[in-house]
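Printed here is target18.txt (compact mmCIF, C-alpha atoms):
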# COMPACT_ATOMS: atom_id res chain seq x y z
CA MET A 54 -10.01 24.80 12.39
CA VAL A 55 -6.47 26.04 13.02
CA CYS A 56 -3.25 24.13 13.71
CA GLU A 57 -2.50 23.51 17.38
CA GLU A 58 1.17 24.39 16.80
CA CYS A 59 0.58 27.67 14.94
CA GLU A 60 -2.29 29.75 13.55
CA ASN A 61 -2.41 28.21 10.06
CA ARG A 62 -5.36 26.24 8.71
CA GLY A 63 -5.43 22.58 9.73
CA VAL A 64 -5.17 19.88 7.06
CA TYR A 65 -5.07 16.90 9.41
CA LEU A 66 -6.93 15.78 12.50
CA SER A 67 -5.29 13.15 14.67
CA LEU A 68 -7.16 10.40 16.53
CA SER A 69 -6.81 12.44 19.72
CA GLY A 70 -8.41 15.42 17.97
CA LYS A 71 -5.21 17.43 17.41
CA SER A 72 -5.28 19.59 14.29
CA LEU A 73 -2.09 20.19 12.25
CA CYS A 74 -1.35 22.56 9.35
CA SER A 75 0.56 21.42 6.26
CA LYS A 76 3.97 22.35 7.73
CA HIS A 77 3.40 20.64 11.07
CA PHE A 78 1.71 17.64 9.46
CA ARG A 79 4.80 17.09 7.26
CA LYS A 80 6.99 17.23 10.36
CA TYR A 81 4.70 14.78 12.21
CA PHE A 82 4.63 12.36 9.26
CA GLU A 83 8.38 12.47 8.58
CA THR A 84 9.23 12.06 12.28
CA LYS A 85 6.95 9.02 12.48
CA VAL A 86 8.59 7.38 9.44
CA MET A 87 12.12 8.10 10.69
CA ARG A 88 11.22 6.66 14.11
CA THR A 89 9.93 3.49 12.42
CA ILE A 90 13.13 3.17 10.36
CA LYS A 91 15.31 3.59 13.46
CA LYS A 92 13.26 1.57 15.96
CA TYR A 93 12.94 -1.46 13.69
CA ASP A 94 16.40 -1.07 12.11
CA LEU A 95 14.86 -0.99 8.63
CA LEU A 96 17.73 0.78 6.89
CA ARG A 97 21.30 1.53 7.80
CA TYR A 98 23.55 4.21 6.36
CA GLY A 99 25.02 3.07 3.04
CA GLU A 100 22.54 0.23 2.43
CA LYS A 101 21.14 -0.16 -1.08
CA VAL A 102 17.35 -0.13 -1.24
CA LEU A 103 15.08 -0.98 -4.14
CA VAL A 104 11.63 0.61 -3.86
CA ALA A 105 8.84 -1.59 -5.19
CA CYS A 106 6.52 0.81 -7.03
CA SER A 107 3.04 0.19 -8.35
CA GLY A 108 2.42 3.67 -9.71
CA GLY A 109 0.01 4.24 -6.81
CA LYS A 110 0.37 7.02 -4.27
CA ASP A 111 1.80 4.98 -1.36
CA SER A 112 4.82 3.58 -3.17
CA THR A 113 5.41 6.83 -5.09
CA VAL A 114 5.38 8.81 -1.83
CA LEU A 115 7.79 6.28 -0.30
CA LEU A 116 10.12 6.54 -3.29
CA ASN A 117 10.06 10.33 -2.99
CA PHE A 118 10.70 10.09 0.77
CA LEU A 119 13.70 7.72 0.48
CA TRP A 120 15.12 9.64 -2.50
CA ASN A 121 15.09 12.82 -0.41
CA LEU A 122 16.54 10.94 2.57
CA VAL A 123 19.68 9.79 0.75
CA LYS A 124 20.67 13.06 -0.89
CA LYS A 125 24.36 12.26 -0.56
CA LYS A 126 24.14 8.61 -1.63
CA ARG A 127 21.60 8.66 -4.41
CA GLU A 128 23.17 5.62 -6.10
CA ASN A 129 21.77 3.60 -3.19
CA VAL A 130 18.12 4.11 -4.17
CA ALA A 131 16.30 2.87 -7.27
CA ALA A 132 12.73 1.95 -8.16
CA ILE A 133 11.33 -1.23 -9.64
CA ALA A 134 7.94 -1.54 -11.29
CA VAL A 135 6.25 -4.68 -12.53
CA ASP A 136 3.88 -4.62 -15.47
CA GLU A 137 1.75 -7.69 -14.78
CA GLY A 138 -0.19 -7.25 -18.00
CA ILE A 139 -3.56 -5.99 -16.74
CA ALA A 140 -5.08 -4.19 -19.71
CA GLY A 141 -6.40 -0.72 -18.94
CA TYR A 142 -4.91 -0.61 -15.45
CA ARG A 143 -1.19 -1.10 -14.87
CA ASP A 144 -0.25 0.59 -18.15
CA ILE A 145 -2.07 3.73 -16.95
CA LYS A 146 -0.51 3.58 -13.45
CA LEU A 147 3.01 3.08 -14.83
CA LYS A 148 2.81 6.10 -17.15
CA GLY A 149 2.58 8.38 -14.13
CA LEU A 150 5.45 6.59 -12.38
CA VAL A 151 7.74 6.82 -15.42
CA LYS A 152 7.00 10.58 -15.64
CA PHE A 153 7.70 11.02 -11.91
CA CYS A 154 11.03 9.13 -12.07
CA ASN A 155 12.10 11.01 -15.21
CA GLU A 156 11.42 14.37 -13.54
CA LYS A 157 13.34 13.39 -10.39
CA GLU A 158 16.03 11.46 -12.33
CA ILE A 159 15.39 8.35 -10.23
CA PRO A 160 16.60 5.08 -11.83
CA LEU A 161 13.55 2.94 -12.64
CA HIS A 162 13.69 -0.74 -13.60
CA VAL A 163 10.54 -1.92 -15.37
CA TYR A 164 9.89 -5.64 -15.81
CA SER A 165 6.89 -7.37 -17.32
CA PHE A 166 5.30 -10.74 -16.53
CA LYS A 167 5.18 -11.39 -20.29
CA ASP A 168 8.97 -11.08 -20.69
CA TYR A 169 9.86 -12.67 -17.35
CA TYR A 170 7.36 -15.54 -17.16
CA GLY A 171 6.10 -15.80 -20.73
CA PHE A 172 2.48 -14.82 -19.99
CA THR A 173 0.54 -11.79 -18.78
CA LEU A 174 -1.68 -11.83 -15.70
CA ASP A 175 -4.72 -11.44 -17.97
CA GLU A 176 -3.65 -14.58 -19.87
CA ALA A 177 -3.00 -16.53 -16.65
CA VAL A 178 -6.41 -15.54 -15.22
CA ARG A 179 -8.18 -16.54 -18.43
CA ILE A 180 -6.38 -19.91 -18.53
CA SER A 181 -7.15 -20.53 -14.86
CA LYS A 182 -10.86 -19.82 -15.38
CA GLU A 183 -11.21 -21.78 -18.61
CA ASN A 184 -9.43 -24.82 -17.20
CA ARG A 185 -10.73 -24.62 -13.62
CA LEU A 186 -7.26 -24.35 -12.11
CA ASP A 187 -8.70 -22.38 -9.18
CA LEU A 188 -5.83 -19.86 -9.16
CA LYS A 189 -7.17 -16.50 -7.96
CA PRO A 190 -5.91 -13.37 -9.79
CA CYS A 191 -4.54 -11.72 -6.63
CA TYR A 192 -2.73 -14.95 -5.64
CA ILE A 193 -1.05 -15.31 -9.06
CA CYS A 194 -0.18 -11.61 -9.13
CA GLY A 195 1.16 -11.45 -5.55
CA VAL A 196 3.31 -14.57 -5.76
CA LEU A 197 4.79 -13.80 -9.17
CA ARG A 198 5.38 -10.11 -8.38
CA ARG A 199 7.18 -10.88 -5.08
CA ASN A 200 9.28 -13.57 -6.78
CA LEU A 201 10.30 -11.24 -9.62
CA ILE A 202 11.15 -8.33 -7.34
CA ASN A 203 13.15 -10.55 -4.97
CA ASN A 204 15.14 -12.06 -7.86
CA VAL A 205 15.90 -8.69 -9.46
CA ALA A 206 16.84 -7.06 -6.13
CA ARG A 207 19.27 -9.90 -5.37
CA GLU A 208 20.78 -9.86 -8.87
CA LEU A 209 21.26 -6.07 -8.79
CA GLY A 210 22.86 -6.18 -5.33
CA PHE A 211 20.18 -4.44 -3.25
CA SER A 212 20.10 -5.46 0.41
CA LYS A 213 16.51 -4.25 1.06
CA VAL A 214 13.26 -3.98 -0.87
CA ALA A 215 11.04 -1.19 0.46
CA THR A 216 7.29 -1.34 -0.07
CA GLY A 217 4.64 1.35 0.48
CA HIS A 218 2.51 -0.81 2.81
CA ASN A 219 0.77 1.31 5.42
CA LEU A 220 -1.13 0.72 8.67
CA ASP A 221 -4.41 0.09 6.84
CA ASP A 222 -2.77 -2.56 4.63
CA GLU A 223 -1.21 -4.26 7.63
CA ALA A 224 -4.45 -4.22 9.65
CA GLN A 225 -6.23 -5.85 6.69
CA THR A 226 -3.55 -8.53 6.27
CA ILE A 227 -3.55 -9.35 10.00
CA MET A 228 -7.35 -9.69 10.00
CA MET A 229 -7.35 -11.76 6.79
CA ASN A 230 -4.81 -14.23 8.17
CA TYR A 231 -6.52 -14.44 11.56
CA LEU A 232 -9.86 -15.24 9.95
CA ARG A 233 -8.30 -17.77 7.58
CA GLY A 234 -6.30 -19.39 10.37
CA ASN A 235 -2.86 -18.78 8.86
CA PRO A 236 -0.57 -18.19 11.87
CA SER A 237 2.57 -19.01 9.87
CA LEU A 238 1.71 -16.20 7.44
CA LEU A 239 1.08 -13.83 10.36
CA ALA A 240 4.60 -14.54 11.58
CA ARG A 241 6.00 -13.08 8.34
CA LEU A 242 4.36 -9.68 8.91
CA GLY A 243 5.65 -6.63 10.76
CA PRO A 244 7.72 -3.59 9.72
CA LYS A 245 10.29 -5.95 8.23
CA THR A 246 9.14 -9.20 6.77
CA GLY A 247 10.32 -12.75 7.16
CA VAL A 248 10.92 -15.28 9.89
CA ILE A 249 14.05 -17.00 8.62
CA SER A 250 16.92 -15.22 6.91
CA ASP A 251 18.38 -16.81 3.83
CA GLU A 252 20.82 -15.38 1.29
CA GLY A 253 18.18 -16.01 -1.39
CA PHE A 254 15.71 -13.65 0.29
CA VAL A 255 16.11 -9.89 0.09
CA GLN A 256 14.44 -8.48 3.18
CA ARG A 257 11.32 -6.40 2.58
CA ILE A 258 10.81 -3.32 4.72
CA LYS A 259 7.77 -1.11 5.32
CA PRO A 260 8.83 2.40 6.43
CA PHE A 261 5.18 3.62 6.32
CA TYR A 262 4.07 0.82 8.66
CA PHE A 263 2.54 3.19 11.25
CA CYS A 264 1.14 5.72 8.76
CA THR A 265 -2.53 5.44 7.85
CA GLU A 266 -3.68 5.47 4.27
CA LYS A 267 -5.24 8.87 4.97
CA GLU A 268 -1.91 10.26 6.22
CA ASP A 269 -0.16 8.88 3.10
CA THR A 270 -2.76 10.60 0.92
CA ILE A 271 -2.42 13.98 2.64
CA TYR A 272 1.39 13.73 2.45
CA ALA A 273 1.14 12.83 -1.26
CA LEU A 274 -1.12 15.81 -1.98
CA LEU A 275 1.17 18.18 -0.06
CA ASN A 276 4.12 16.94 -2.13
CA GLY A 277 2.33 17.36 -5.45
CA ILE A 278 2.03 13.60 -6.03
CA GLU A 279 -1.08 12.71 -7.99
CA VAL A 280 -3.77 10.77 -6.14
CA ASP A 281 -5.91 9.00 -8.70
CA PHE A 282 -8.52 6.34 -8.21
CA VAL A 283 -7.95 3.79 -10.94
CA GLN A 284 -9.19 0.44 -9.65
CA CYS A 285 -7.59 -2.86 -10.60
CA PRO A 286 -10.23 -4.83 -12.55
CA TYR A 287 -9.49 -7.89 -10.39
CA HIS A 288 -10.10 -5.94 -7.19
CA VAL A 289 -13.75 -7.03 -7.04
CA GLU A 290 -12.64 -10.66 -6.75
CA ASN A 291 -10.52 -9.80 -3.75
CA TYR A 292 -11.13 -11.02 -0.19
CA ARG A 293 -9.09 -8.01 0.99
CA LEU A 294 -11.79 -5.64 -0.29
CA GLU A 295 -14.36 -7.17 2.08
CA ILE A 296 -11.97 -6.90 5.04
CA ARG A 297 -11.00 -3.32 4.12
CA ASP A 298 -14.62 -2.15 4.04
CA PHE A 299 -15.37 -4.04 7.26
CA LEU A 300 -12.45 -2.38 9.09
CA ASN A 301 -13.37 1.06 7.75
CA ARG A 302 -16.96 0.64 8.98
CA LEU A 303 -15.62 -0.46 12.36
CA GLU A 304 -13.18 2.49 12.44
CA SER A 305 -16.05 4.96 11.96
CA ILE A 306 -17.82 3.46 14.99
CA ILE A 307 -14.69 2.86 17.11
CA PRO A 308 -11.97 5.35 16.05
CA GLY A 309 -8.49 3.88 16.51
CA VAL A 310 -9.51 0.27 15.98
CA LYS A 311 -6.94 -0.24 13.19
CA HIS A 312 -4.13 1.21 15.32
CA GLY A 313 -5.21 -1.09 18.15
CA LEU A 314 -5.22 -4.13 15.90
CA VAL A 315 -1.71 -3.49 14.57
CA ASN A 316 -0.18 -2.42 17.89
CA ASN A 317 -1.58 -5.45 19.71
CA PHE A 318 -0.42 -7.72 16.90
CA LEU A 319 3.13 -6.36 17.31
CA LYS A 320 3.06 -7.50 20.95
CA ILE A 321 2.48 -11.12 19.96
CA LEU A 322 4.64 -11.03 16.79
CA PRO A 323 7.89 -12.05 18.59
CA LEU A 324 6.09 -15.16 19.91
CA LEU A 325 4.81 -16.03 16.45
CA LYS A 326 8.27 -15.56 14.92
CA ARG A 327 9.78 -17.84 17.58
CA GLU A 328 7.09 -20.46 17.00
CA PHE A 329 7.69 -20.61 13.25
CA SER A 330 11.46 -20.01 13.15
CA ALA A 331 12.11 -23.75 13.27
CA LEU A 332 10.46 -24.24 9.88
CA LYS A 333 12.91 -25.83 7.48
CA ILE A 334 13.75 -23.83 4.38
CA GLU A 335 14.39 -25.88 1.27
CA LYS A 336 15.60 -24.90 -2.17
CA CYS A 337 13.07 -24.95 -4.97
CA LYS A 338 14.03 -27.86 -7.24
CA VAL A 339 13.11 -25.79 -10.32
CA CYS A 340 14.58 -22.31 -9.73
CA GLY A 341 16.78 -22.83 -6.65
CA ASN A 342 15.10 -20.05 -4.65
CA PRO A 343 14.50 -20.65 -0.94
CA SER A 344 11.08 -22.19 -0.37
CA ALA A 345 9.01 -23.84 2.35
CA ARG A 346 8.36 -26.74 -0.05
CA ASN A 347 10.42 -28.50 -2.71
CA THR A 348 8.83 -26.41 -5.48
CA CYS A 349 8.24 -22.71 -4.78
CA ARG A 350 4.82 -21.14 -5.31
CA ALA A 351 6.01 -19.13 -8.36
CA CYS A 352 7.27 -22.26 -10.12
CA MET A 353 4.07 -24.10 -9.17
CA ILE A 354 1.98 -21.38 -10.84
CA LYS A 355 4.19 -21.43 -13.95
CA MET A 356 3.97 -25.22 -14.17
CA ARG A 357 0.18 -25.08 -14.06
CA ILE A 358 -0.23 -22.24 -16.57
CA GLU A 359 2.46 -23.12 -19.15
CA PRO A 360 0.93 -26.35 -20.57
CA PHE A 361 -2.15 -24.40 -21.63
CA LEU A 362 -0.05 -21.67 -23.26
CA LYS A 363 1.70 -24.28 -25.41
CA LYS A 364 -1.67 -25.66 -26.53
CA GLY A 365 -2.57 -22.14 -27.61
CA ASN A 366 -5.55 -22.04 -25.22
CA MET B 94 -27.43 25.91 2.54
CA LYS B 95 -26.34 23.97 -0.53
CA ILE B 96 -22.93 22.30 -0.90
CA LYS B 97 -21.63 20.86 -4.16
CA VAL B 98 -19.80 17.61 -3.47
CA PHE B 99 -17.63 15.51 -5.77
CA ILE B 100 -17.08 11.95 -4.51
CA GLN B 101 -13.95 10.60 -6.21
CA ARG B 102 -14.57 6.93 -5.38
CA SER B 103 -17.93 6.81 -7.17
CA GLY B 104 -17.21 9.63 -9.61
CA GLU B 105 -20.51 11.30 -8.61
CA THR B 106 -21.23 15.00 -8.08
CA LYS B 107 -24.08 15.80 -5.69
CA LEU B 108 -25.79 18.90 -4.36
CA ILE B 109 -26.31 18.39 -0.62
CA ASP B 110 -28.62 20.43 1.61
CA LEU B 111 -27.19 21.05 5.10
CA GLY B 112 -28.10 23.24 8.08
CA GLU B 113 -26.21 26.50 8.79
CA ASN B 114 -22.75 26.08 10.39
CA SER B 115 -22.56 22.42 9.41
CA ARG B 116 -19.08 20.95 9.24
CA ILE B 117 -17.35 18.56 6.86
CA GLY B 118 -17.98 15.85 9.47
CA ASP B 119 -21.76 16.47 9.19
CA LEU B 120 -21.52 16.25 5.41
CA LEU B 121 -19.70 12.89 5.68
CA LYS B 122 -22.35 11.57 8.08
CA SER B 123 -25.14 12.57 5.70
CA LEU B 124 -23.35 10.68 2.90
CA GLY B 125 -22.51 7.65 5.07
CA ILE B 126 -18.76 8.03 4.42
CA SER B 127 -16.15 7.27 7.09
CA PRO B 128 -13.61 10.11 7.67
CA SER B 129 -10.80 7.52 7.48
CA GLU B 130 -11.69 6.76 3.85
CA ILE B 131 -11.38 10.26 2.39
CA VAL B 132 -9.38 13.51 2.38
CA PRO B 133 -11.74 16.52 2.14
CA VAL B 134 -10.73 19.38 -0.13
CA LYS B 135 -12.84 22.55 0.25
CA ASN B 136 -12.63 25.16 -2.51
CA GLY B 137 -9.21 23.76 -3.49
CA ALA B 138 -7.67 23.51 0.00
CA ILE B 139 -7.19 20.39 2.12
CA VAL B 140 -9.27 20.72 5.30
CA THR B 141 -10.21 18.64 8.34
CA GLU B 142 -13.56 17.14 9.30
CA ARG B 143 -14.12 20.07 11.69
CA GLU B 144 -14.06 22.69 8.93
CA ILE B 145 -17.23 24.80 8.88
CA LEU B 146 -19.10 24.94 5.59
CA ARG B 147 -20.75 27.95 3.97
CA ASP B 148 -23.46 28.10 1.33
CA GLY B 149 -22.00 27.55 -2.14
CA ASP B 150 -18.84 25.79 -0.97
CA GLU B 151 -17.44 23.15 -3.30
CA VAL B 152 -16.08 20.03 -1.64
CA LYS B 153 -14.11 17.19 -3.16
CA LEU B 154 -13.87 13.95 -1.22
CA LEU B 155 -10.65 12.30 -2.42
CA SER B 156 -10.47 8.58 -1.83
CA VAL B 157 -7.52 7.41 0.27
CA VAL B 158 -8.01 3.82 -0.85
CA SER B 159 -5.47 2.39 -3.24
CA GLY B 160 -6.64 0.94 -6.50
CA GLY B 161 -5.49 -2.57 -5.67

Hey, can you dump this file as structure tokens for me?
Amino acid sequence: MVCEECENRGVYLSLSGKSLCSKHFRKYFETKVMRTIKKYDLLRYGEKVLVACSGGKDSTVLLNFLWNLVKKKRENVAAIAVDEGIAGYRDIKLKGLVKFCNEKEIPLHVYSFKDYYGFTLDEAVRISKENRLDLKPCYICGVLRRNLINNVARELGFSKVATGHNLDDEAQTIMMNYLRGNPSLLARLGPKTGVISDEGFVQRIKPFYFCTEKEDTIYALLNGIEVDFVQCPYHVENYRLEIRDFLNRLESIIPGVKHGLVNNFLKILPLLKREFSALKIEKCKVCGNPSARNTCRACMIKMRIEPFLKKGN
Amino acid sequence: MKIKVFIQRSGETKLIDLGENSRIGDLLKSLGISPSEIVPVKNGAIVTEREILRDGDEVKLLSVVSGG
């Protein structure tokens, strides 16, 4: 199967059945990302962006992409990684990221839950289970990770936090929130997150918003970025996993269903943002961060976990 | 013809029997894997689902799914 633009071997097949070689796929991918950045005003010349990296392919590819994009202003890009304390998982993922950043000379800020919050995710999950706190691992991890990254980005003077979220991730999140009846959470989605701007929030951007996970993987492989398959041990307890497999099954029967879901969602997103823009933002009484309630979710989690740490449980 | 397949997600290696001129897409169907979930690599090169297979080819199906 040869490329439709030249005679080289195809590495990618589009939804419409167009085959592209490695050179023309790169061009297609990069054009799509640049169009997303421009159309949704994700980044402006001279802005400082902190790339939230997990050690996985999507965020590593994004870091590589933005690092190459700002050749003349490299001081404007840095990476942040959070070690949540998941034994046998994050430590392995971060090793690869540290190596990648060292080779490219990209500044990397590594923070751990243990140093920042006083407990690892493994400890928090154990405490939650033993004491029936009903805090799910992915909830604890997501809230605390976003809080940490936002705080660090603000303190270091970054105006944007870029994440490697792709079209598959977004389709899953849309479906999850639809099924759970969370329209206010839907309103926060899109290529740049948030409904209300506040100086305490650093805006999160998703330059790979319209790229599928498959496109990310091909681009990673073509750029020599390792694509491993180390699963988070808490993944099995994740509602997202069910939705992901459901959407992939649907995609094999109806190709393009994920694109349709995301593109149609974007048509109603302005209405959702308008509907929820009147929500009052308060300051968390504990940490002072902007919050929809008087105590933010991160402080709530800390307040529930900490008493059990002190008892040595 | 026989094709040796490594499935990254499960870590399994299988020997699959397919008819002459079968394509990667036919291989995926026989394994029940959606094309959107994998990147096929044939004899070390990334290929598309339309790539024709030959007896003795070695195929790796790299998972596109993140680890969580």

Discussion item. Please identify all residues of chain B having at least one atom at most 9 Å from any atom of chain A, considering all atoms listed in the file, and return them as a ChimeraX atom specification.
Written reply: /B:101-102,126-133,138-145,155-161

Worksheet item: For Ile358 in chain A, which residue among A:Leu95, A:Ala206, A:Val178, A:Ala345 is the nearest when counting all atoms listed in the file?
Response: A:Val178

Practice prompt. Find the residues around Lys355 in chain A up to 8 Å (only C-alpha atoms counted), leave out those fewer than 4 positions away in its own chain, and share them as a count of residues only.
Written response: 3

Practice prompt. Mind giving me the straight-line distance from CA of Asn200 in chain A to CA of Asp136 in chain A in Å, one decimal?
Written response: 13.6 Å

Item to complete: Find, counting only C-alpha atoms, the residue in A:Cys264, A:Val196, A:Ile334, A:Ile202 that gets nearest to Cys352 in chain A.
Response: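 Distance minimum relative to Cys352 in chain A lands on A:Val196.
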
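Between CA of Leu201 in chain A and CA of Ile296 in chain A the separation is 27.0 Å.
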
Response to the item:
A straight line from CA of Asn155 in chain A to CA of Tyr169 in chain A spans 23.9 Å

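Across A:Leu186, A:Val104, A:Ile145, A:Leu325, the tightest approach to Leu161 in chain A is made by A:Val104 when counting all atoms listed in the file.
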
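Each of A:Ala132, A:Leu232, A:Ala273, A:Ile258 was checked against Phe78 in chain A using only C-alpha atoms; the smallest atom-to-atom distance is that of A:Ala273.
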
Discussion item. Give me, as number ranges by chain, all polymer residues having an atom no more than 9 Å from range 123-125 of chain B, counting only C-alpha atoms and skipping those fewer than 4 positions away in the same chain.
Written reply: B: 109, 111, 118-119

Which polymer residues, whether protein, DNA or RNA, lie within 8 Å of the coordinate (-28.6, 19.2, -3.0) when you count all atoms listed in the file? List them as a compact mmCIF listing (two decimals) with C-alpha atoms, keeping the file's coordinate frame, using the chain letters and numbers from the file.
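And here is the file that came out, result39.txt:
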# COMPACT_ATOMS: atom_id res chain seq x y z
CA LYS B 95 -26.34 23.97 -0.53
CA ILE B 96 -22.93 22.30 -0.90
CA LYS B 97 -21.63 20.86 -4.16
CA LYS B 107 -24.08 15.80 -5.69
CA LEU B 108 -25.79 18.90 -4.36
CA ILE B 109 -26.31 18.39 -0.62
CA ASP B 110 -28.62 20.43 1.61

Padding of 6 Å on every side, edges along x, y and z, all listed atoms of range 151-168 of chain A included: what centre and edge lengths in Å, to one decimal, does that box have, as lines of an AutoDock Vina configuration file?
center_x = 10.9
center_y = 1.5
center_z = -15.5
size_x = 23.4
size_y = 37.8
size_z = 22.5

Who sits within 7 Å of Val163 in chain A, all atoms listed in the file, same chain under 6 positions skipped, as a PDB file with C-alpha atoms, keeping the file's coordinate frame:
ATOM      1  CA  ILE A 133      11.330  -1.230  -9.640  1.00  0.00           C
ATOM      2  CA  ALA A 134       7.940  -1.540 -11.290  1.00  0.00           C
ATOM      3  CA  VAL A 135       6.250  -4.680 -12.530  1.00  0.00           C
TER       4      VAL A 135
END

Worksheet item: Nearest to Met94 in chain B: which of B:Arg116, B:Lys153, B:Lys122, B:Lys135 is it, counting all atoms listed in the file?
Response: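 Ranked by minimum distance to Met94 in chain B, first place goes to B:Arg116.
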
Practice prompt. Dump as number ranges by chain all residues having an atom at most 12 Å from (27.9, 7.4, -1.6), computed in the file's coordinates with only C-alpha atoms.
Written response: A: 98-101, 123-130

C-alpha atoms of the current selection, written as an mmCIF file, in the coordinates of the input:
data_model
loop_
_atom_site.group_PDB
_atom_site.id
_atom_site.type_symbol
_atom_site.label_atom_id
_atom_site.label_comp_id
_atom_site.auth_asym_id
_atom_site.auth_seq_id
_atom_site.Cartn_x
_atom_site.Cartn_y
_atom_site.Cartn_z
ATOM 1 C CA TYR A 98 23.550 4.210 6.360
ATOM 2 C CA GLY A 99 25.020 3.070 3.040
ATOM 3 C CA GLU A 100 22.540 0.230 2.430
ATOM 4 C CA LYS A 101 21.140 -0.160 -1.080
ATOM 5 C CA VAL A 123 19.680 9.790 0.750
ATOM 6 C CA LYS A 124 20.670 13.060 -0.890
ATOM 7 C CA LYS A 125 24.360 12.260 -0.560
ATOM 8 C CA LYS A 126 24.140 8.610 -1.630
ATOM 9 C CA ARG A 127 21.600 8.660 -4.410
ATOM 10 C CA GLU A 128 23.170 5.620 -6.100
ATOM 11 C CA ASN A 129 21.770 3.600 -3.190
ATOM 12 C CA VAL A 130 18.120 4.110 -4.170
#

Please fill the gaps in range 110-122 of chain B so it has N, CA, C and O atoms, and write that as a PDB file, in the coordinates of the input.
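Contents of the output file part17.pdb:
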ATOM      1  N   ASP B 110     -28.003  19.407   0.772  1.00  0.00           N
ATOM      2  CA  ASP B 110     -28.620  20.430   1.610  1.00  0.00           C
ATOM      3  C   ASP B 110     -28.212  20.208   3.062  1.00  0.00           C
ATOM      4  O   ASP B 110     -28.449  19.122   3.593  1.00  0.00           O
ATOM      5  N   LEU B 111     -27.612  21.197   3.704  1.00  0.00           N
ATOM      6  CA  LEU B 111     -27.190  21.050   5.100  1.00  0.00           C
ATOM      7  C   LEU B 111     -27.625  22.274   5.902  1.00  0.00           C
ATOM      8  O   LEU B 111     -27.819  23.359   5.331  1.00  0.00           O
ATOM      9  N   GLY B 112     -27.748  22.112   7.220  1.00  0.00           N
ATOM     10  CA  GLY B 112     -28.100  23.240   8.080  1.00  0.00           C
ATOM     11  C   GLY B 112     -26.928  24.217   8.206  1.00  0.00           C
ATOM     12  O   GLY B 112     -25.780  23.852   7.932  1.00  0.00           O
ATOM     13  N   GLU B 113     -27.245  25.463   8.617  1.00  0.00           N
ATOM     14  CA  GLU B 113     -26.210  26.500   8.790  1.00  0.00           C
ATOM     15  C   GLU B 113     -25.136  26.009   9.778  1.00  0.00           C
ATOM     16  O   GLU B 113     -25.440  25.287  10.720  1.00  0.00           O
ATOM     17  N   ASN B 114     -23.901  26.424   9.535  1.00  0.00           N
ATOM     18  CA  ASN B 114     -22.750  26.080  10.390  1.00  0.00           C
ATOM     19  C   ASN B 114     -22.451  24.574  10.454  1.00  0.00           C
ATOM     20  O   ASN B 114     -21.802  24.115  11.388  1.00  0.00           O
ATOM     21  N   SER B 115     -22.931  23.847   9.475  1.00  0.00           N
ATOM     22  CA  SER B 115     -22.560  22.420   9.410  1.00  0.00           C
ATOM     23  C   SER B 115     -21.088  22.315   9.083  1.00  0.00           C
ATOM     24  O   SER B 115     -20.487  23.218   8.480  1.00  0.00           O
ATOM     25  N   ARG B 116     -20.512  21.187   9.484  1.00  0.00           N
ATOM     26  CA  ARG B 116     -19.080  20.950   9.240  1.00  0.00           C
ATOM     27  C   ARG B 116     -18.907  19.820   8.229  1.00  0.00           C
ATOM     28  O   ARG B 116     -19.872  19.120   7.906  1.00  0.00           O
ATOM     29  N   ILE B 117     -17.655  19.650   7.801  1.00  0.00           N
ATOM     30  CA  ILE B 117     -17.350  18.560   6.860  1.00  0.00           C
ATOM     31  C   ILE B 117     -17.801  17.226   7.474  1.00  0.00           C
ATOM     32  O   ILE B 117     -18.346  16.370   6.787  1.00  0.00           O
ATOM     33  N   GLY B 118     -17.584  17.072   8.784  1.00  0.00           N
ATOM     34  CA  GLY B 118     -17.980  15.850   9.470  1.00  0.00           C
ATOM     35  C   GLY B 118     -19.471  15.567   9.318  1.00  0.00           C
ATOM     36  O   GLY B 118     -19.877  14.419   9.131  1.00  0.00           O
ATOM     37  N   ASP B 119     -20.310  16.632   9.365  1.00  0.00           N
ATOM     38  CA  ASP B 119     -21.760  16.470   9.190  1.00  0.00           C
ATOM     39  C   ASP B 119     -22.078  16.028   7.756  1.00  0.00           C
ATOM     40  O   ASP B 119     -22.955  15.193   7.532  1.00  0.00           O
ATOM     41  N   LEU B 120     -21.336  16.613   6.820  1.00  0.00           N
ATOM     42  CA  LEU B 120     -21.520  16.250   5.410  1.00  0.00           C
ATOM     43  C   LEU B 120     -21.212  14.759   5.211  1.00  0.00           C
ATOM     44  O   LEU B 120     -21.971  14.039   4.547  1.00  0.00           O
ATOM     45  N   LEU B 121     -20.101  14.297   5.816  1.00  0.00           N
ATOM     46  CA  LEU B 121     -19.700  12.890   5.680  1.00  0.00           C
ATOM     47  C   LEU B 121     -20.775  11.977   6.287  1.00  0.00           C
ATOM     48  O   LEU B 121     -21.117  10.949   5.709  1.00  0.00           O
ATOM     49  N   LYS B 122     -21.294  12.384   7.436  1.00  0.00           N
ATOM     50  CA  LYS B 122     -22.350  11.570   8.080  1.00  0.00           C
ATOM     51  C   LYS B 122     -23.563  11.455   7.169  1.00  0.00           C
ATOM     52  O   LYS B 122     -24.140  10.381   7.009  1.00  0.00           O
TER      53      LYS B 122
END
